[in-house]
file data07.cif (mmCIF, N, CA and C atoms)
data_start
loop_
_atom_site.label_atom_id
_atom_site.label_comp_id
_atom_site.auth_asym_id
_atom_site.auth_seq_id
_atom_site.Cartn_x
_atom_site.Cartn_y
_atom_site.Cartn_z
N MET A 18 40.37 -85.08 -75.17
CA MET A 18 40.93 -83.91 -74.52
C MET A 18 42.42 -84.19 -74.25
N ASN A 19 43.27 -83.31 -74.69
CA ASN A 19 44.70 -83.48 -74.51
C ASN A 19 45.19 -82.54 -73.41
N ASP A 20 44.59 -82.61 -72.26
CA ASP A 20 44.88 -81.73 -71.14
C ASP A 20 45.76 -82.47 -70.14
N PRO A 21 46.95 -81.94 -69.82
CA PRO A 21 47.84 -82.65 -68.89
C PRO A 21 47.24 -82.82 -67.49
N ARG A 22 46.23 -82.05 -67.16
CA ARG A 22 45.60 -82.17 -65.85
C ARG A 22 44.87 -83.49 -65.69
N ILE A 23 44.48 -84.13 -66.82
CA ILE A 23 43.79 -85.41 -66.75
C ILE A 23 44.69 -86.46 -66.09
N ARG A 24 45.91 -86.57 -66.58
CA ARG A 24 46.85 -87.55 -66.01
C ARG A 24 47.19 -87.18 -64.57
N GLN A 25 47.39 -85.90 -64.29
CA GLN A 25 47.70 -85.48 -62.92
C GLN A 25 46.58 -85.85 -61.97
N LEU A 26 45.35 -85.64 -62.39
CA LEU A 26 44.18 -85.95 -61.57
C LEU A 26 44.05 -87.46 -61.34
N ALA A 27 44.17 -88.25 -62.40
CA ALA A 27 44.05 -89.70 -62.26
C ALA A 27 45.15 -90.26 -61.38
N LYS A 28 46.38 -89.81 -61.61
CA LYS A 28 47.52 -90.32 -60.84
C LYS A 28 47.38 -89.95 -59.36
N ARG A 29 46.99 -88.72 -59.09
CA ARG A 29 46.86 -88.29 -57.69
C ARG A 29 45.73 -89.03 -56.99
N ARG A 30 44.62 -89.26 -57.70
CA ARG A 30 43.50 -90.00 -57.11
C ARG A 30 43.96 -91.40 -56.70
N GLN A 31 44.67 -92.09 -57.59
CA GLN A 31 45.11 -93.45 -57.27
C GLN A 31 46.15 -93.44 -56.16
N ASP A 32 47.08 -92.50 -56.20
CA ASP A 32 48.10 -92.46 -55.17
C ASP A 32 47.51 -92.11 -53.79
N MET A 33 46.46 -91.30 -53.77
CA MET A 33 45.79 -91.01 -52.50
C MET A 33 45.14 -92.28 -51.94
N ALA A 34 44.52 -93.07 -52.82
CA ALA A 34 43.91 -94.33 -52.38
C ALA A 34 45.00 -95.27 -51.86
N HIS A 35 46.15 -95.28 -52.52
CA HIS A 35 47.27 -96.13 -52.10
C HIS A 35 47.80 -95.67 -50.73
N GLU A 36 47.88 -94.36 -50.53
CA GLU A 36 48.42 -93.80 -49.29
C GLU A 36 47.47 -93.94 -48.10
N SER A 37 46.23 -94.35 -48.35
CA SER A 37 45.24 -94.45 -47.27
C SER A 37 45.64 -95.48 -46.23
N GLY A 38 46.57 -96.36 -46.60
CA GLY A 38 47.08 -97.32 -45.63
C GLY A 38 46.30 -98.62 -45.55
N SER A 39 45.27 -98.78 -46.37
CA SER A 39 44.48 -100.02 -46.31
C SER A 39 45.22 -101.20 -46.92
N GLY A 40 46.18 -100.91 -47.78
CA GLY A 40 46.93 -101.97 -48.44
C GLY A 40 46.18 -102.60 -49.61
N LEU A 41 44.99 -102.11 -49.90
CA LEU A 41 44.17 -102.68 -50.97
C LEU A 41 44.44 -102.03 -52.32
N ASN A 42 44.96 -100.82 -52.32
CA ASN A 42 45.11 -100.07 -53.56
C ASN A 42 46.57 -99.90 -53.94
N PRO A 43 46.93 -100.34 -55.13
CA PRO A 43 48.32 -100.14 -55.58
C PRO A 43 48.55 -98.67 -55.95
N SER A 44 49.80 -98.28 -56.02
CA SER A 44 50.12 -96.92 -56.47
C SER A 44 49.91 -96.85 -57.98
N TRP A 45 49.91 -95.66 -58.52
CA TRP A 45 49.72 -95.46 -59.96
C TRP A 45 50.73 -96.27 -60.77
N ASP A 46 51.99 -96.23 -60.36
CA ASP A 46 53.05 -96.92 -61.09
C ASP A 46 52.91 -98.44 -61.04
N GLN A 47 52.16 -98.96 -60.08
CA GLN A 47 51.95 -100.40 -59.96
C GLN A 47 50.73 -100.88 -60.74
N LEU A 48 49.94 -99.96 -61.28
CA LEU A 48 48.74 -100.33 -62.04
C LEU A 48 49.10 -100.78 -63.44
N GLY A 49 48.30 -101.69 -63.98
CA GLY A 49 48.45 -102.09 -65.37
C GLY A 49 47.92 -101.00 -66.29
N LYS A 50 48.25 -101.08 -67.56
CA LYS A 50 47.83 -100.08 -68.56
C LYS A 50 46.31 -99.98 -68.66
N GLU A 51 45.61 -101.10 -68.57
CA GLU A 51 44.15 -101.08 -68.66
C GLU A 51 43.54 -100.33 -67.49
N SER A 52 44.03 -100.57 -66.29
CA SER A 52 43.52 -99.88 -65.10
C SER A 52 43.83 -98.39 -65.18
N GLN A 53 45.02 -98.05 -65.66
CA GLN A 53 45.37 -96.64 -65.82
C GLN A 53 44.43 -95.98 -66.83
N ALA A 54 44.11 -96.70 -67.93
CA ALA A 54 43.22 -96.15 -68.95
C ALA A 54 41.83 -95.87 -68.39
N VAL A 55 41.33 -96.76 -67.53
CA VAL A 55 40.02 -96.56 -66.91
C VAL A 55 40.05 -95.30 -66.04
N LEU A 56 41.09 -95.16 -65.23
CA LEU A 56 41.20 -93.99 -64.36
C LEU A 56 41.38 -92.71 -65.16
N LEU A 57 42.11 -92.77 -66.26
CA LEU A 57 42.28 -91.59 -67.12
C LEU A 57 40.95 -91.18 -67.73
N SER A 58 40.14 -92.16 -68.13
CA SER A 58 38.82 -91.87 -68.70
C SER A 58 37.92 -91.21 -67.66
N GLU A 59 37.94 -91.73 -66.43
CA GLU A 59 37.15 -91.13 -65.35
C GLU A 59 37.63 -89.71 -65.06
N ALA A 60 38.94 -89.53 -65.02
CA ALA A 60 39.49 -88.20 -64.73
C ALA A 60 39.11 -87.21 -65.82
N GLU A 61 39.09 -87.65 -67.06
CA GLU A 61 38.70 -86.77 -68.17
C GLU A 61 37.25 -86.32 -68.00
N GLU A 62 36.37 -87.25 -67.61
CA GLU A 62 34.97 -86.90 -67.39
C GLU A 62 34.81 -85.92 -66.24
N TRP A 63 35.52 -86.16 -65.12
CA TRP A 63 35.43 -85.26 -63.97
C TRP A 63 35.97 -83.88 -64.31
N LEU A 64 37.08 -83.82 -65.04
CA LEU A 64 37.65 -82.53 -65.42
C LEU A 64 36.71 -81.78 -66.36
N ARG A 65 36.15 -82.48 -67.32
CA ARG A 65 35.20 -81.84 -68.24
C ARG A 65 34.00 -81.28 -67.47
N ALA A 66 33.49 -82.05 -66.50
CA ALA A 66 32.36 -81.58 -65.70
C ALA A 66 32.76 -80.36 -64.88
N ALA A 67 33.97 -80.37 -64.31
CA ALA A 67 34.43 -79.22 -63.51
C ALA A 67 34.58 -77.98 -64.38
N ILE A 68 35.05 -78.15 -65.62
CA ILE A 68 35.17 -77.01 -66.54
C ILE A 68 33.79 -76.48 -66.90
N GLU A 69 32.86 -77.38 -67.23
CA GLU A 69 31.52 -76.95 -67.61
C GLU A 69 30.77 -76.30 -66.45
N ALA A 70 31.08 -76.71 -65.21
CA ALA A 70 30.45 -76.11 -64.03
C ALA A 70 31.12 -74.81 -63.62
N GLY A 71 32.22 -74.45 -64.29
CA GLY A 71 32.92 -73.22 -63.97
C GLY A 71 33.86 -73.33 -62.78
N LEU A 72 34.18 -74.56 -62.38
CA LEU A 72 35.07 -74.75 -61.24
C LEU A 72 36.53 -74.80 -61.66
N MET A 73 36.79 -75.09 -62.92
CA MET A 73 38.14 -75.15 -63.47
C MET A 73 38.15 -74.37 -64.77
N PRO A 74 39.27 -73.73 -65.08
CA PRO A 74 39.35 -73.03 -66.37
C PRO A 74 39.69 -73.99 -67.50
N LEU A 75 39.40 -73.57 -68.72
CA LEU A 75 39.86 -74.31 -69.89
C LEU A 75 41.38 -74.32 -69.89
N ALA A 76 41.97 -75.34 -70.46
CA ALA A 76 43.43 -75.41 -70.55
C ALA A 76 43.94 -74.46 -71.63
N GLU A 77 43.14 -74.25 -72.67
CA GLU A 77 43.55 -73.39 -73.77
C GLU A 77 43.07 -71.96 -73.52
N ARG A 78 43.80 -71.00 -74.08
CA ARG A 78 43.41 -69.58 -73.99
C ARG A 78 42.13 -69.39 -74.81
N PRO A 79 41.06 -68.87 -74.18
CA PRO A 79 39.81 -68.68 -74.92
C PRO A 79 39.93 -67.72 -76.10
N SER A 80 40.74 -66.68 -75.95
CA SER A 80 40.97 -65.73 -77.03
C SER A 80 42.27 -64.99 -76.77
N ASP A 81 42.73 -64.24 -77.75
CA ASP A 81 43.96 -63.46 -77.57
C ASP A 81 43.80 -62.38 -76.51
N ASN A 82 42.57 -62.03 -76.18
CA ASN A 82 42.31 -61.00 -75.18
C ASN A 82 42.35 -61.53 -73.75
N HIS A 83 42.46 -62.85 -73.59
CA HIS A 83 42.49 -63.45 -72.26
C HIS A 83 43.92 -63.64 -71.79
N ASP A 84 44.16 -63.33 -70.53
CA ASP A 84 45.46 -63.54 -69.90
C ASP A 84 45.29 -64.58 -68.79
N ALA A 85 46.30 -65.39 -68.60
CA ALA A 85 46.24 -66.44 -67.59
C ALA A 85 46.41 -65.87 -66.19
N ILE A 86 45.67 -66.42 -65.24
CA ILE A 86 45.84 -66.15 -63.82
C ILE A 86 46.39 -67.45 -63.24
N LEU A 87 47.52 -67.39 -62.56
CA LEU A 87 48.22 -68.58 -62.08
C LEU A 87 48.34 -68.56 -60.57
N LEU A 88 48.26 -69.72 -59.97
CA LEU A 88 48.44 -69.89 -58.53
C LEU A 88 49.65 -70.79 -58.35
N ASP A 89 50.69 -70.32 -57.63
CA ASP A 89 51.87 -71.16 -57.45
C ASP A 89 51.71 -72.07 -56.24
N ASN A 90 52.68 -72.94 -56.01
CA ASN A 90 52.57 -73.92 -54.94
C ASN A 90 52.73 -73.31 -53.55
N HIS A 91 52.95 -72.01 -53.47
CA HIS A 91 53.01 -71.31 -52.18
C HIS A 91 51.75 -70.49 -51.94
N GLY A 92 50.78 -70.57 -52.86
CA GLY A 92 49.54 -69.84 -52.72
C GLY A 92 49.60 -68.41 -53.23
N GLN A 93 50.67 -68.05 -53.93
CA GLN A 93 50.79 -66.70 -54.48
C GLN A 93 50.12 -66.65 -55.85
N ILE A 94 49.46 -65.55 -56.14
CA ILE A 94 48.73 -65.39 -57.39
C ILE A 94 49.57 -64.57 -58.36
N TRP A 95 49.60 -65.03 -59.61
CA TRP A 95 50.36 -64.37 -60.66
C TRP A 95 49.44 -64.11 -61.84
N GLY A 96 49.71 -63.06 -62.57
CA GLY A 96 48.96 -62.76 -63.78
C GLY A 96 49.90 -62.70 -64.96
N GLU A 97 49.44 -63.23 -66.07
CA GLU A 97 50.23 -63.15 -67.30
C GLU A 97 50.34 -61.68 -67.69
N TYR A 98 51.48 -61.30 -68.17
CA TYR A 98 51.71 -59.91 -68.55
C TYR A 98 52.05 -59.86 -70.03
N GLN A 99 51.14 -59.35 -70.83
CA GLN A 99 51.35 -59.27 -72.27
C GLN A 99 52.19 -58.04 -72.60
N THR A 100 53.28 -58.26 -73.30
CA THR A 100 54.12 -57.14 -73.73
C THR A 100 53.79 -56.82 -75.17
N SER A 101 54.01 -55.60 -75.57
CA SER A 101 53.70 -55.20 -76.93
C SER A 101 54.93 -54.54 -77.55
N PRO A 102 55.57 -55.12 -78.55
CA PRO A 102 55.24 -56.44 -79.07
C PRO A 102 55.67 -57.52 -78.09
N SER A 103 55.13 -58.69 -78.28
CA SER A 103 55.43 -59.81 -77.38
C SER A 103 56.91 -60.14 -77.47
N SER A 104 57.67 -59.79 -76.43
CA SER A 104 59.12 -59.97 -76.47
C SER A 104 59.53 -61.39 -76.14
N HIS A 105 58.99 -61.96 -75.09
CA HIS A 105 59.37 -63.33 -74.77
C HIS A 105 58.19 -64.21 -74.45
N GLY A 106 57.00 -63.69 -74.39
CA GLY A 106 55.81 -64.51 -74.27
C GLY A 106 55.62 -65.26 -72.97
N ASP A 107 56.52 -65.09 -72.02
CA ASP A 107 56.35 -65.80 -70.75
C ASP A 107 56.42 -64.86 -69.56
N ALA A 108 56.16 -63.58 -69.78
CA ALA A 108 56.22 -62.61 -68.69
C ALA A 108 55.01 -62.76 -67.78
N ILE A 109 55.27 -62.83 -66.47
CA ILE A 109 54.19 -62.87 -65.50
C ILE A 109 54.46 -61.82 -64.43
N LEU A 110 53.42 -61.43 -63.75
CA LEU A 110 53.49 -60.40 -62.73
C LEU A 110 52.80 -60.91 -61.48
N ARG A 111 53.49 -60.86 -60.35
CA ARG A 111 52.87 -61.31 -59.10
C ARG A 111 51.80 -60.30 -58.69
N LEU A 112 50.63 -60.81 -58.38
CA LEU A 112 49.54 -59.97 -57.92
C LEU A 112 49.63 -59.90 -56.40
N VAL A 113 49.70 -58.71 -55.87
CA VAL A 113 49.93 -58.53 -54.44
C VAL A 113 48.69 -57.93 -53.77
N TRP A 114 48.60 -58.18 -52.47
CA TRP A 114 47.51 -57.62 -51.67
C TRP A 114 47.79 -56.15 -51.43
N ALA A 115 46.80 -55.31 -51.61
CA ALA A 115 46.92 -53.88 -51.33
C ALA A 115 45.70 -53.47 -50.52
N SER A 116 45.88 -53.29 -49.21
CA SER A 116 44.74 -53.02 -48.33
C SER A 116 43.98 -51.76 -48.74
N GLU A 117 44.67 -50.79 -49.31
CA GLU A 117 43.97 -49.56 -49.72
C GLU A 117 43.06 -49.80 -50.92
N GLN A 118 43.17 -50.97 -51.56
CA GLN A 118 42.33 -51.30 -52.71
C GLN A 118 41.18 -52.24 -52.34
N CYS A 119 41.02 -52.56 -51.04
CA CYS A 119 40.02 -53.56 -50.67
C CYS A 119 38.59 -53.02 -50.78
N SER A 120 37.67 -53.96 -50.97
CA SER A 120 36.24 -53.66 -51.07
C SER A 120 35.48 -54.68 -50.25
N SER A 121 34.20 -54.43 -50.04
CA SER A 121 33.35 -55.37 -49.32
C SER A 121 32.95 -56.51 -50.25
N LYS A 122 33.28 -57.73 -49.85
CA LYS A 122 32.92 -58.90 -50.65
C LYS A 122 31.40 -59.01 -50.75
N GLN A 123 30.71 -58.80 -49.64
CA GLN A 123 29.24 -58.92 -49.64
C GLN A 123 28.61 -57.90 -50.59
N GLU A 124 29.13 -56.68 -50.61
CA GLU A 124 28.58 -55.67 -51.51
C GLU A 124 28.81 -56.04 -52.97
N ILE A 125 29.98 -56.57 -53.27
CA ILE A 125 30.29 -56.97 -54.65
C ILE A 125 29.40 -58.14 -55.06
N GLU A 126 29.22 -59.12 -54.14
CA GLU A 126 28.33 -60.25 -54.44
C GLU A 126 26.89 -59.78 -54.63
N ALA A 127 26.48 -58.76 -53.88
CA ALA A 127 25.13 -58.23 -54.02
C ALA A 127 24.91 -57.61 -55.40
N GLU A 128 26.01 -57.24 -56.06
CA GLU A 128 25.92 -56.68 -57.42
C GLU A 128 25.92 -57.78 -58.48
N GLY A 129 25.92 -59.05 -58.05
CA GLY A 129 25.83 -60.16 -58.97
C GLY A 129 27.15 -60.84 -59.31
N VAL A 130 28.25 -60.41 -58.68
CA VAL A 130 29.55 -61.03 -58.96
C VAL A 130 29.63 -62.35 -58.19
N GLU A 131 30.15 -63.39 -58.85
CA GLU A 131 30.35 -64.68 -58.21
C GLU A 131 31.84 -64.92 -58.05
N PHE A 132 32.27 -65.31 -56.86
CA PHE A 132 33.67 -65.59 -56.59
C PHE A 132 33.88 -67.10 -56.57
N ARG A 133 35.08 -67.53 -56.94
CA ARG A 133 35.44 -68.94 -56.94
C ARG A 133 36.76 -69.08 -56.18
N LEU A 134 36.79 -69.94 -55.19
CA LEU A 134 38.01 -70.21 -54.44
C LEU A 134 38.98 -70.99 -55.31
N ILE A 135 40.21 -70.45 -55.51
CA ILE A 135 41.21 -71.14 -56.31
C ILE A 135 42.41 -71.59 -55.48
N GLY A 136 42.48 -71.21 -54.22
CA GLY A 136 43.59 -71.64 -53.39
C GLY A 136 43.73 -70.76 -52.16
N TRP A 137 44.76 -71.02 -51.38
CA TRP A 137 45.02 -70.29 -50.15
C TRP A 137 46.44 -69.78 -50.16
N SER A 138 46.68 -68.59 -49.68
CA SER A 138 48.04 -68.08 -49.57
C SER A 138 48.59 -68.40 -48.20
N GLU A 139 49.90 -68.37 -48.08
CA GLU A 139 50.55 -68.65 -46.80
C GLU A 139 50.75 -67.36 -46.02
#

call {"tool": "encode", "arguments": {"input": "data07.cif", "output": "structure tokens"}}
result
Amino acid sequence: MNDPRIRQLAKRRQDMAHESGSGLNPSWDQLGKESQAVLLSEAEEWLRAAIEAGLMPLAERPSDNHDAILLDNHGQIWGEYQTSPSSHGDAILRLVWASEQCSSKQEIEAEGVEFRLIGWSE
């Protein structure tokens, strides 16, 4: 799997262990190549399991009909905006809350819809 999230996941896991303050765990940059390879392999397995469980999306676009939904580091949600013809290929549109468009979550779930938490807004 050539997914950049694998390295991000492995590096963050090791750095969190390092930051725990126990002094037993080196930071990612202090690890040898073999130790990094082991953590990358574990991260790949965890990411694959999360994708198969539906907790994470695939890194690749499933089809031309799929548009990306993005969450920025401030908790704002963005949607990819396809232009016709595709003028620059990187157009996104911020998705905003509209109270007049709200519905009952319980009623929607009762209809069989499953929601997945992807983040929190500020």

call {"tool": "resolve_selection", "arguments": {"input": "data07.cif", "expression": "the PyMOL selection byres (((chain A and resi 44-57 and name CA) around 6) and name CA)", "output": "VMD selection string"}}
result
chain A and resid 27 to 28 31 to 32 35 43 58 to 60

call {"tool": "residues_around", "arguments": {"input": "data07.cif", "residues": "Gly96 of chain A", "least_positions_apart": "3", "cutoff": "7 Å", "atoms": "only C-alpha atoms", "output": "number ranges by chain"}}
result
A: 85-87, 109-112

call {"tool": "write_last_selection", "arguments": {"input": "data07.cif", "atoms": "N, CA and C atoms", "output": "tab-separated table (two decimals), keeping the file's coordinate frame"}}
result
chain	number	residue	atom	x	y	z
A	85	ALA	N	46.30	-65.39	-68.60
A	85	ALA	CA	46.24	-66.44	-67.59
A	85	ALA	C	46.41	-65.87	-66.19
A	86	ILE	N	45.67	-66.42	-65.24
A	86	ILE	CA	45.84	-66.15	-63.82
A	86	ILE	C	46.39	-67.45	-63.24
A	87	LEU	N	47.52	-67.39	-62.56
A	87	LEU	CA	48.22	-68.58	-62.08
A	87	LEU	C	48.34	-68.56	-60.57
A	109	ILE	N	55.27	-62.83	-66.47
A	109	ILE	CA	54.19	-62.87	-65.50
A	109	ILE	C	54.46	-61.82	-64.43
A	110	LEU	N	53.42	-61.43	-63.75
A	110	LEU	CA	53.49	-60.40	-62.73
A	110	LEU	C	52.80	-60.91	-61.48
A	111	ARG	N	53.49	-60.86	-60.35
A	111	ARG	CA	52.87	-61.31	-59.10
A	111	ARG	C	51.80	-60.30	-58.69
A	112	LEU	N	50.63	-60.81	-58.38
A	112	LEU	CA	49.54	-59.97	-57.92
A	112	LEU	C	49.63	-59.90	-56.40

call {"tool": "atom_distance", "arguments": {"input": "data07.cif", "atom1": "atom CA of Glu69 of chain A", "atom2": "atom CA of Arg29 of chain A"}}
result
21.5 Å

call {"tool": "closest_atom_pairs", "arguments": {"input": "data07.cif", "of": "segment 28-106 of chain A", "to": "segment 113-137 of chain A", "cutoff": "12 Å", "atoms": "only C-alpha atoms", "output": "CSV"}}
result
residue,atom,partner,partner_atom,distance
A:Ala70,CA,A:Arg133,CA,11.3
A:Gly71,CA,A:Arg133,CA,8.6
A:Leu72,CA,A:Arg133,CA,7.2
A:Met73,CA,A:Ile135,CA,8.8
A:Pro74,CA,A:Ile135,CA,10.4
A:Ile86,CA,A:Ile135,CA,10.1
A:Leu87,CA,A:Ile135,CA,9.4
A:Leu88,CA,A:Gly136,CA,7.3
A:Asp89,CA,A:Gly136,CA,9.2
A:Asn90,CA,A:Gly136,CA,9.4
A:His91,CA,A:Trp137,CA,8.3
A:Gly92,CA,A:Trp137,CA,5.2
A:Gln93,CA,A:Trp137,CA,8.1
A:Ile94,CA,A:Val113,CA,7.6
A:Trp95,CA,A:Val113,CA,8.5
A:Gly96,CA,A:Val113,CA,10.3

call {"tool": "select_by_dssp", "arguments": {"input": "data07.cif", "residues": "chain A", "states": "strand (DSSP E)", "output": "list of chain:residue names"}}
result
A:Ile86, A:Leu87, A:Leu88, A:Ile94, A:Trp95, A:Gly96, A:Glu97, A:Ile109, A:Leu110, A:Arg111, A:Leu112

call {"tool": "atom_distance", "arguments": {"input": "data07.cif", "atom1": "atom N of Ile23 of chain A", "atom2": "atom C of Glu61 of chain A"}}
result
7.6 Å

call {"tool": "atom_distance", "arguments": {"input": "data07.cif", "atom1": "atom CA of Asp81 of chain A", "atom2": "atom CA of Leu26 of chain A"}}
result
27.6 Å

call {"tool": "select_by_dssp", "arguments": {"input": "data07.cif", "residues": "chain A", "states": "helix (DSSP H, G or I)", "output": "VMD selection string"}}
result
chain A and resid 21 to 36 45 to 47 50 to 69 116 to 118 122 to 127

call {"tool": "axis_aligned_box", "arguments": {"input": "data07.cif", "around": "segment 65-68 of chain A", "padding_each_side": "4 Å", "output": "AutoDock Vina command-line options"}}
result
--center_x 34.3 --center_y -79.5 --center_z -65.9 --size_x 11.8 --size_y 14.0 --size_z 12.7
